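As provided, query03.cif (mmCIF, C-alpha atoms) reads as follows.
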```cif
data_data
loop_
_atom_site.label_atom_id
_atom_site.label_comp_id
_atom_site.auth_asym_id
_atom_site.auth_seq_id
_atom_site.Cartn_x
_atom_site.Cartn_y
_atom_site.Cartn_z
CA MET A 1 0.00 0.00 0.00
CA GLU A 2 2.86 2.35 0.95
CA LYS A 3 4.69 1.51 -2.27
CA LYS A 4 1.57 2.19 -4.34
CA LYS A 5 1.16 5.59 -2.68
CA LEU A 6 4.83 6.42 -3.29
CA ALA A 7 4.50 5.34 -6.93
CA LYS A 8 1.49 7.60 -7.40
CA ILE A 9 3.33 10.57 -5.87
CA ILE A 10 6.40 9.99 -8.07
CA ILE A 11 4.30 9.71 -11.25
CA ILE A 12 2.27 12.81 -10.36
CA ILE A 13 5.45 14.82 -9.64
CA GLY A 14 6.95 13.70 -12.97
CA ILE A 15 3.80 14.65 -14.91
CA ILE A 16 3.49 18.00 -13.06
CA LEU A 17 7.09 18.86 -14.01
CA LEU A 18 6.48 17.87 -17.66
CA VAL A 19 3.36 20.07 -17.84
CA ALA A 20 4.81 22.93 -15.77
CA GLY A 21 7.98 23.16 -17.92
CA PRO A 22 6.38 24.66 -21.06
CA VAL A 23 3.92 26.77 -19.00
CA LEU A 24 6.70 28.27 -16.87
CA GLY A 25 8.90 28.65 -19.96
CA PHE A 26 6.15 30.64 -21.68
CA LEU A 27 5.47 32.79 -18.58
CA VAL A 28 9.09 33.85 -18.01
CA ASP A 29 10.14 33.85 -21.66
CA LYS A 30 10.24 37.63 -21.52
CA LEU A 31 10.41 39.80 -18.39
CA THR A 32 8.74 43.21 -18.49
CA LEU A 33 11.07 46.01 -17.40
CA ASP A 34 8.68 48.87 -18.03
CA SER A 35 5.17 49.20 -19.38
CA ALA A 36 3.30 52.46 -19.52
CA THR A 37 0.40 53.82 -21.57
CA PRO A 38 1.01 56.70 -21.62
CA LYS A 39 4.37 57.82 -20.30
CA ILE A 40 4.64 61.59 -19.83
CA ILE A 41 7.79 63.70 -20.28
CA GLN A 42 8.30 67.42 -20.76
CA GLU A 43 8.87 69.16 -24.08
CA SER A 44 12.22 70.38 -22.80
CA SER A 45 13.45 66.81 -23.30
CA ASP A 46 13.94 67.73 -26.96
CA THR A 47 16.85 69.95 -26.01
CA ASP A 48 18.00 68.61 -22.60
CA VAL A 49 18.76 64.92 -22.24
CA GLN A 50 18.28 65.24 -18.46
CA ASN A 51 14.53 65.73 -19.06
CA ALA A 52 14.19 62.78 -21.45
CA TYR A 53 12.67 59.45 -20.47
CA PHE A 54 15.44 56.99 -19.67
CA LEU A 55 15.55 53.31 -18.74
CA PRO A 56 18.90 51.70 -17.88
CA VAL A 57 19.12 48.03 -18.90
CA SER A 58 21.78 45.38 -18.63
CA LEU A 59 22.06 42.67 -21.26
CA GLY A 60 23.77 39.32 -20.75
CA LYS A 61 24.99 36.82 -23.35
CA ASN A 62 22.31 35.90 -25.89
CA GLN A 63 19.88 38.33 -24.28
CA LYS A 64 17.95 40.98 -26.16
CA LEU A 65 15.44 43.75 -25.55
CA THR A 66 12.01 43.88 -27.13
CA ILE A 67 10.51 47.37 -27.22
CA GLU A 68 7.02 48.29 -28.35
CA PHE A 69 7.02 52.06 -28.90
CA SER A 70 3.91 53.91 -30.02
CA VAL A 71 2.25 57.33 -30.06
CA TYR A 72 -1.47 57.98 -30.55
CA TYR A 73 -1.79 61.57 -29.32
CA GLU A 74 -2.28 64.73 -31.42
CA ASP A 75 0.61 67.15 -32.02
CA ILE A 76 3.13 64.77 -30.43
CA GLN A 77 6.46 63.89 -31.98
CA ALA A 78 8.56 61.42 -30.03
CA THR A 79 11.92 59.81 -30.80
CA ILE A 80 13.47 56.67 -29.31
CA LYS A 81 17.20 55.94 -29.17
CA ILE A 82 19.33 53.38 -27.37
CA LEU A 83 22.72 54.52 -26.07
CA GLY A 84 25.65 52.83 -24.41
CA LYS A 85 25.71 53.66 -20.69
CA GLY A 86 29.01 55.52 -21.01
CA THR A 87 27.67 57.72 -23.81
CA TYR A 88 24.49 58.42 -21.84
CA ASP A 89 26.36 59.27 -18.62
CA ALA A 90 28.61 61.74 -20.49
CA ALA A 91 25.61 63.30 -22.26
CA TYR A 92 23.67 63.51 -18.97
CA ALA A 93 26.59 65.24 -17.20
CA ALA A 94 26.81 67.80 -20.01
CA ASN A 95 23.00 67.95 -20.39
CA SER A 96 23.49 67.52 -24.15
CA ASN A 97 20.84 67.86 -26.81
CA PRO A 98 19.53 64.31 -27.45
CA ASN A 99 19.04 65.06 -31.17
CA GLY A 100 22.82 65.22 -31.55
CA LEU A 101 23.47 61.88 -29.83
CA SER A 102 24.24 58.85 -31.99
CA GLY A 103 22.07 55.88 -31.05
CA LEU A 104 23.08 52.26 -31.38
CA ASN A 105 21.63 50.08 -34.15
CA PHE A 106 18.47 48.09 -33.53
CA ILE A 107 16.06 46.16 -35.75
CA TYR A 108 12.49 47.30 -36.22
CA SER A 109 9.76 45.17 -37.75
CA GLU A 110 6.68 46.04 -39.76
CA PHE A 111 4.26 43.14 -39.75
CA THR A 112 3.16 43.17 -43.39
CA TRP A 113 0.93 40.21 -44.20
CA GLY A 114 2.09 38.07 -47.12
CA GLN A 115 5.45 39.82 -47.45
CA THR A 116 8.75 38.08 -46.81
CA PRO A 117 9.76 39.19 -43.28
CA SER A 118 13.24 40.17 -44.48
CA SER A 119 11.66 42.86 -46.69
CA SER A 120 9.73 44.38 -43.77
CA ALA A 121 12.51 44.62 -41.17
CA ALA A 122 15.43 47.04 -41.11
CA SER A 123 18.28 48.29 -38.96
CA GLN A 124 18.11 51.88 -37.64
CA THR A 125 19.69 54.03 -34.92
CA SER A 126 16.47 55.88 -33.98
CA ARG A 127 12.74 55.90 -34.74
CA THR A 128 10.54 59.00 -34.67
CA ILE A 129 6.76 58.96 -34.50
CA THR A 130 4.67 61.99 -35.38
CA ASP A 131 1.05 61.91 -34.10
CA ASP A 132 0.39 58.20 -34.71
CA GLY A 133 2.66 55.23 -35.12
CA TYR A 134 3.87 51.92 -33.75
CA TRP A 135 7.28 50.28 -33.87
CA TYR A 136 8.31 46.83 -32.73
CA ILE A 137 12.01 47.07 -31.92
CA GLU A 138 14.60 44.41 -31.06
CA PHE A 139 17.98 45.33 -29.60
CA ALA A 140 20.95 43.21 -28.50
CA GLY A 141 23.86 45.67 -28.62
CA SER A 142 24.48 46.04 -32.35
CA THR A 143 23.45 44.83 -35.82
CA SER A 144 25.06 43.41 -38.93
CA GLY A 145 22.83 44.25 -41.86
CA ASP A 146 19.32 43.40 -40.70
CA TYR A 147 20.56 40.84 -38.17
CA LEU A 148 21.15 41.39 -34.47
CA VAL A 149 24.63 41.10 -33.03
CA TYR A 150 24.55 40.02 -29.39
CA ARG A 151 26.81 42.33 -27.41
CA PRO A 152 26.32 42.03 -23.63
CA GLY A 153 26.61 45.26 -21.67
CA ALA A 154 24.88 48.20 -20.02
CA TYR A 155 22.62 50.38 -22.15
CA VAL A 156 20.10 53.19 -21.70
CA ILE A 157 16.88 53.65 -23.65
CA ILE A 158 15.93 57.30 -24.08
CA VAL A 159 12.77 58.92 -25.46
CA TYR A 160 12.41 62.63 -26.11
CA GLY A 161 10.01 64.73 -28.12
CA THR A 162 7.90 67.81 -28.68
CA ASN A 163 4.25 68.79 -28.40
CA GLY A 164 3.10 71.01 -31.24
CA GLY A 165 -0.03 72.05 -29.30
CA THR A 166 -0.53 74.28 -26.24
CA PRO A 167 0.44 71.77 -23.50
CA THR A 168 4.10 71.15 -22.86
CA GLU A 169 3.74 67.46 -22.04
CA VAL A 170 4.83 64.75 -24.45
CA PHE A 171 2.80 61.53 -24.26
CA PHE A 172 3.97 58.19 -25.62
CA ASN A 173 3.44 54.48 -24.94
CA ILE A 174 6.33 52.13 -24.26
CA THR A 175 6.72 48.50 -23.23
CA VAL A 176 10.22 47.19 -22.64
CA LYS A 177 10.84 43.47 -22.22
CA VAL A 178 14.05 41.51 -21.80
CA ASP A 179 14.65 37.84 -22.59
CA GLY A 180 14.03 35.80 -19.43
CA PRO A 181 15.20 32.35 -18.36
CA GLY A 182 12.17 30.72 -20.06
CA ASP A 183 14.06 28.32 -22.36
CA PHE A 184 16.42 27.20 -19.60
CA LEU A 185 13.62 26.59 -17.08
CA GLN A 186 11.47 24.78 -19.65
CA ASN A 187 14.30 22.40 -20.60
CA LEU A 188 15.26 21.87 -16.95
CA PHE A 189 11.71 21.01 -15.82
CA ILE A 190 11.09 18.68 -18.77
CA ALA A 191 14.47 16.94 -18.29
CA VAL A 192 13.90 16.42 -14.54
CA GLY A 193 10.32 15.18 -15.21
CA ILE A 194 11.52 12.67 -17.82
CA ILE A 195 14.39 11.47 -15.57
CA ILE A 196 11.96 10.92 -12.66
CA LEU A 197 9.53 8.92 -14.83
CA VAL A 198 12.28 6.86 -16.52
CA CYS A 199 13.90 6.07 -13.14
CA TYR A 200 10.53 4.99 -11.78
CA VAL A 201 9.83 2.75 -14.83
CA LEU A 202 13.29 1.15 -14.50
CA TRP A 203 12.85 0.63 -10.76
CA TYR A 204 9.34 -0.82 -11.28
CA SER A 205 10.55 -3.12 -14.11
CA TYR A 206 13.40 -4.37 -11.94
CA GLY A 207 11.00 -5.18 -9.10
CA TYR A 208 8.58 -6.89 -11.51
CA LEU A 209 11.36 -8.99 -13.06
CA ASN A 210 12.54 -10.05 -9.61
CA LYS A 211 8.99 -11.01 -8.72
CA LEU A 212 8.67 -13.05 -11.96
CA ARG A 213 11.95 -14.82 -11.33
CA ARG A 214 10.87 -15.78 -7.83
CA GLY A 215 7.58 -17.01 -9.25
CA LEU A 216 9.29 -19.12 -11.93
CA ASP A 217 11.63 -20.73 -9.42
CA MET B 1 35.46 -23.31 -16.20
CA ALA B 2 31.96 -23.70 -14.82
CA GLU B 3 30.72 -20.87 -17.09
CA LYS B 4 32.27 -22.59 -20.14
CA ARG B 5 30.46 -25.81 -19.29
CA LYS B 6 27.21 -23.87 -18.84
CA GLY B 7 27.65 -22.17 -22.26
CA SER B 8 28.33 -25.41 -24.05
CA ARG B 9 25.29 -27.01 -22.33
CA LEU B 10 23.10 -24.19 -23.76
CA VAL B 11 24.42 -24.69 -27.32
CA ASP B 12 24.03 -28.49 -26.97
CA SER B 13 20.50 -28.15 -25.72
CA ILE B 14 19.24 -25.86 -28.53
CA PRO B 15 18.51 -28.58 -31.12
CA LEU B 16 16.99 -30.76 -28.42
CA MET B 17 14.46 -28.18 -27.31
CA ASP B 18 10.98 -29.48 -26.70
CA LYS B 19 8.10 -28.23 -28.87
CA ARG B 20 6.80 -25.85 -26.21
CA LYS B 21 10.15 -24.10 -25.82
CA ALA B 22 10.70 -23.98 -29.60
CA MET B 23 7.27 -22.37 -30.06
CA LYS B 24 8.18 -19.80 -27.37
CA PHE B 25 11.36 -18.94 -29.30
CA ILE B 26 9.37 -18.47 -32.52
CA ILE B 27 6.64 -16.36 -30.87
CA TYR B 28 9.06 -14.15 -28.92
CA GLY B 29 11.22 -13.79 -32.01
CA LEU B 30 8.19 -12.80 -34.09
CA ILE B 31 7.02 -10.26 -31.49
CA ALA B 32 10.51 -8.74 -31.27
CA ALA B 33 10.82 -8.65 -35.09
CA ILE B 34 7.41 -6.97 -35.42
CA LEU B 35 8.30 -4.36 -32.76
CA PHE B 36 11.65 -3.54 -34.36
CA GLY B 37 9.99 -3.48 -37.78
CA LEU B 38 7.46 -1.03 -36.43
CA ILE B 39 10.26 1.20 -35.12
CA MET B 40 11.88 0.99 -38.57
CA MET B 41 8.69 2.01 -40.38
CA ILE B 42 7.92 4.89 -37.96
CA SER B 43 11.50 6.16 -38.20
CA ARG B 44 11.44 6.00 -42.03
CA SER B 45 8.07 7.75 -42.12
CA ILE B 46 9.33 10.60 -39.87
CA ALA B 47 12.43 11.00 -42.05
CA ASP B 48 10.41 10.96 -45.30
CA ASN B 49 8.03 13.61 -43.98
CA ALA B 50 10.67 15.91 -42.45
CA GLY B 51 10.38 18.26 -45.45
CA SER B 52 6.58 18.50 -45.13
CA TRP B 53 6.90 19.24 -41.42
CA GLN B 54 9.48 21.95 -42.16
CA SER B 55 7.10 23.57 -44.67
CA ILE B 56 4.26 23.66 -42.11
CA ALA B 57 6.54 24.95 -39.34
CA ASN B 58 7.94 27.67 -41.62
CA GLN B 59 4.44 28.74 -42.64
CA ASP B 60 3.45 28.92 -38.94
CA ASN B 61 6.59 30.97 -38.30
CA ASP B 62 5.68 33.39 -41.12
CA MET B 63 2.12 33.77 -39.84
CA ASN B 64 3.20 34.31 -36.24
CA TYR B 65 5.56 37.05 -37.44
CA TRP B 66 2.85 38.69 -39.57
CA ASN B 67 0.50 38.56 -36.55
CA GLY B 68 3.12 40.49 -34.58
CA LEU B 69 3.72 37.74 -32.00
CA TYR B 70 7.46 38.26 -32.32
CA GLY B 71 9.98 40.35 -34.24
CA TYR B 72 12.40 39.66 -37.07
CA ASN B 73 15.20 38.35 -34.89
CA ASP B 74 12.92 35.81 -33.18
CA TYR B 75 11.62 34.90 -36.64
CA ILE B 76 15.19 34.14 -37.79
CA ARG B 77 15.93 32.17 -34.61
CA ASN B 78 12.77 30.08 -35.08
CA GLN B 79 13.72 29.46 -38.71
CA GLU B 80 17.14 28.15 -37.65
CA GLU B 81 15.51 25.96 -34.97
CA ILE B 82 13.06 24.55 -37.54
CA ASP B 83 16.00 23.68 -39.83
CA ARG B 84 17.83 21.96 -36.95
CA ILE B 85 14.81 19.86 -35.99
CA GLY B 86 14.19 19.04 -39.68
CA TYR B 87 17.76 17.79 -40.13
CA TRP B 88 17.42 15.65 -36.98
CA MET B 89 14.11 14.23 -38.21
CA ALA B 90 15.92 13.09 -41.36
CA PHE B 91 19.05 11.87 -39.54
CA GLN B 92 17.32 9.91 -36.76
CA ASP B 93 16.48 7.38 -39.46
CA VAL B 94 20.16 6.34 -39.63
CA ILE B 95 20.28 5.71 -35.86
CA PHE B 96 16.94 3.93 -35.46
CA MET B 97 17.23 1.93 -38.71
CA ASN B 98 20.55 0.47 -37.55
CA ILE B 99 19.21 -0.31 -34.06
CA ALA B 100 16.14 -1.93 -35.64
CA ARG B 101 18.32 -3.87 -38.12
CA VAL B 102 20.34 -5.39 -35.25
CA GLY B 103 17.13 -6.11 -33.28
CA ILE B 104 15.41 -7.79 -36.23
CA ASN B 105 18.43 -9.98 -36.93
CA ILE B 106 18.56 -11.09 -33.29
CA ALA B 107 14.83 -11.81 -33.42
CA LEU B 108 15.32 -13.81 -36.63
CA VAL B 109 18.02 -15.88 -34.88
CA PHE B 110 15.43 -16.78 -32.21
CA ILE B 111 12.91 -17.77 -34.91
CA LEU B 112 15.62 -19.78 -36.73
CA ILE B 113 16.47 -21.70 -33.55
CA GLY B 114 12.77 -22.43 -33.01
CA PHE B 115 12.28 -23.83 -36.52
CA LEU B 116 15.58 -25.75 -36.38
CA SER B 117 14.39 -27.40 -33.17
CA TYR B 118 11.22 -28.48 -34.97
CA ALA B 119 13.31 -29.73 -37.91
CA VAL B 120 15.33 -32.08 -35.68
CA ALA B 121 12.46 -33.15 -33.42
CA GLU B 122 12.08 -36.92 -33.66
CA ASN B 123 8.38 -37.01 -32.81
CA ILE B 124 7.39 -35.04 -35.96
CA ASP B 125 6.91 -36.79 -39.30
CA GLU B 126 9.68 -36.63 -41.92
CA ARG B 127 7.83 -34.44 -44.47
CA THR B 128 6.86 -31.75 -41.92
CA ARG B 129 10.42 -31.69 -40.57
CA ARG B 130 11.71 -31.08 -44.10
CA ILE B 131 9.36 -28.08 -44.41
CA TYR B 132 10.69 -26.72 -41.08
CA LEU B 133 14.23 -27.22 -42.35
CA ILE B 134 13.47 -25.31 -45.57
CA ILE B 135 11.92 -22.46 -43.52
CA SER B 136 15.04 -22.41 -41.28
CA GLY B 137 17.26 -22.27 -44.36
CA MET B 138 15.29 -19.37 -45.78
CA ILE B 139 15.49 -17.46 -42.49
CA LEU B 140 19.22 -18.15 -42.32
CA LEU B 141 19.65 -16.85 -45.88
CA LEU B 142 17.69 -13.72 -44.97
CA ILE B 143 19.89 -13.15 -41.90
CA MET B 144 23.06 -13.68 -43.94
CA PHE B 145 22.00 -11.32 -46.73
CA THR B 146 20.75 -8.53 -44.43
CA THR B 147 23.85 -8.83 -42.23
CA LEU B 148 26.52 -9.06 -44.91
CA PHE B 149 25.07 -6.86 -47.67
CA ALA B 150 24.14 -3.29 -46.80
CA SER B 151 22.46 -2.62 -50.16
CA ILE B 152 19.78 -5.28 -49.75
CA SER B 153 16.45 -4.08 -48.43
CA VAL B 154 12.84 -5.19 -48.60
CA THR B 155 10.34 -2.57 -49.76
CA ILE B 156 6.60 -2.99 -49.40
CA ASN B 157 4.36 -0.63 -51.35
#
```
Write out the structure in this file as structure tokens.
Amino acid sequence: MEKKKLAKIIIIIGIILLVAGPVLGFLVDKLTLDSATPKIIQESSDTDVQNAYFLPVSLGKNQKLTIEFSVYYEDIQATIKILGKGTYDAAYAANSNPNGLSGLNFIYSEFTWGQTPSSSAASQTSRTITDDGYWYIEFAGSTSGDYLVYRPGAYVIIVYGTNGGTPTEVFFNITVKVDGPGDFLQNLFIAVGIIILVCYVLWYSYGYLNKLRRGLD
Amino acid sequence: MAEKRKGSRLVDSIPLMDKRKAMKFIIYGLIAAILFGLIMMISRSIADNAGSWQSIANQDNDMNYWNGLYGYNDYIRNQEEIDRIGYWMAFQDVIFMNIARVGINIALVFILIGFLSYAVAENIDERTRRIYLIISGMILLLIMFTTLFASISVTIN
């Protein structure tokens, strides 16, 4: 009776790990660093980097950022750039004009149905939206053609802009996600689940064979 | 010394197996051959259809990209992963076909021993024993050909 109970527990744990692996992998595939609709900055950000929106991020090996940047507000023009932390710190200390700063290369995608994806993705150092627009951006440090180059390090995302209307606020939407440990956790859970079930089957088969042998004798 | 004696006793006893034991050898051999044959067929089918699977997976990848589920870099990564899995689906055939080939030959040896035991059994009439001997010979030929010649294969359409 005890053995049966133990067997049930082992099988249930194995199955739970097998099911939980992909679920957990999906849940922590990307970790959200910032999500705001809208984010508000001042118009002075267009001339002073100290007033711009900034988000410091750190990228490890094979890790990339996914940024969804959009504007749906009248008279707004907003620009996104990604800088190395050193460049940003120097610009911040000097309160430089962000328009003069050189951003690092990222890939942006336009999801055009029926078109080959390579023809609707390109490498850029900044994206500007006037009034309405949406960009899906991927960044890993640098690019080679339209392909990402993974370069681990510390980076800063900045957004600055202007409001052509009476108010001085600049509204924009931004969601920043970074690659999480989803793949690793998924593989780990599945591997442990399979090992538990295989070990149990081997152990059970061994016991059954022993029982048979005793019976035959 | 004792192990040597035990081994020789086993070889000596094979032709003198009783009918029940010989039938067991044939049945177990057949079951093993069918199982390994099944593995062979499944493996070949997976390898033959690797290209079709790649086409479906690539189409899914395209559609997921167009739906905005992920960006261009993830699209490229998925494409590479699809290629890798496709190559493995084609290559696994080499591994499983060879395992199945060995398994089938071992199973055929069991069947051969079973029929040989029938062929030398004294309590079976002469004509039936000859038929068992012919069957054993055919199985032996099959084993020899499939073991010694790599280019020989049986195809069923």
### Task
Name every residue that the PyMOL selection byres ((chain A) within 7 of (chain B)) selects in this structure, writing the answer as a list of chain:residue names with chains first and numbers rising.
A:Ser109, A:Phe111, A:Thr112, A:Trp113, A:Pro117, A:Ala121, A:Tyr136, A:Glu138, A:Tyr147, A:Leu148
Could you dump the residues just selected with C-alpha atoms as a CSV table (one decimal), in the coordinates of the input?
```csv
chain,number,residue,atom,x,y,z
A,109,SER,CA,9.8,45.2,-37.8
A,111,PHE,CA,4.3,43.1,-39.8
A,112,THR,CA,3.2,43.2,-43.4
A,113,TRP,CA,0.9,40.2,-44.2
A,117,PRO,CA,9.8,39.2,-43.3
A,121,ALA,CA,12.5,44.6,-41.2
A,136,TYR,CA,8.3,46.8,-32.7
A,138,GLU,CA,14.6,44.4,-31.1
A,147,TYR,CA,20.6,40.8,-38.2
A,148,LEU,CA,21.2,41.4,-34.5
```
### Query
Counting all atoms listed in the file, what is within 12 Å of Gln54 (chain B), bar same-chain residues fewer than 3 positions away, as an MDAnalysis selection string?
chainID B and resid 46:51 57:61 78:90
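Using all atoms listed in the file, the contacts of region 20-34 of chain B at a cut-off of 10 Å, with sequence neighbours closer than 6 positions omitted, comprise Ile14, Met40, Ala100, Arg101, Gly103, Ile104, Asn105, Ile106, Ala107, Leu108, Val109, Phe110, Ile111, Leu112, Ile113, Gly114, Phe115, Leu116, Ser117 and Tyr118 of chain B.
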### Task
Scan for residues within 12 Å of the point (5.4, 60.2, -24.8) in the coordinates of the file, using all atoms listed in the file, and reply as an MDAnalysis selection string.
chainID A and resid 36:43 45:46 52:54 69:80 128:133 158:163 168:175
### Summary
Of B:Lys19, B:Thr146, B:Phe96, B:Val102, the one sitting nearest Ile124 (chain B) when using all atoms listed in the file is B:Lys19
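By chain and then residue number, the residues within 10 Å of Met97 (chain B) are Phe36, Gly37, Ile39, Met40, Met41, Ile42, Ser43, Arg44 and Gly103 of chain B, counting all atoms listed in the file and disregarding those fewer than 6 positions away in sequence.
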### Message
Quick check on the file I pasted: which residues fall under the PyMOL selection byres ((chain A and resi 137) around 7)? Write them as a PyMOL selection string.
### Response
chain A and resi 66-68+106-109+135-136+138-139
### Query
For this file, the PyMOL selection byres ((chain A and resi 7) around 12) selects which residues, as an MDAnalysis selection string?
chainID A and resid 1:6 8:14 196:197 199:201 203:204
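For the point (12.4, 21.2, -15.5), the residues with at least one atom inside 12 Å, counting all atoms listed in the file, are Ile13, Gly14, Ile15, Ile16, Leu17, Leu18, Val19, Ala20, Gly21, Pro22, Val23, Leu24, Gly25, Pro181, Gly182, Asp183, Phe184, Leu185, Gln186, Asn187, Leu188, Phe189, Ile190, Ala191, Val192, Gly193, Ile194, Ile195 and Ile196 of chain A.
For the atom pair formed by CA of Ser123 (chain A) and CA of Glu110 (chain A), the distance is 11.8 Å, given to one decimal.
Separating CA of Leu141 (chain B) from CA of Ile99 (chain B) is a distance of 20.3 Å.
Straight-line separation from CA of Gly84 (chain A) to CA of Gly103 (chain A): 8.1 Å.
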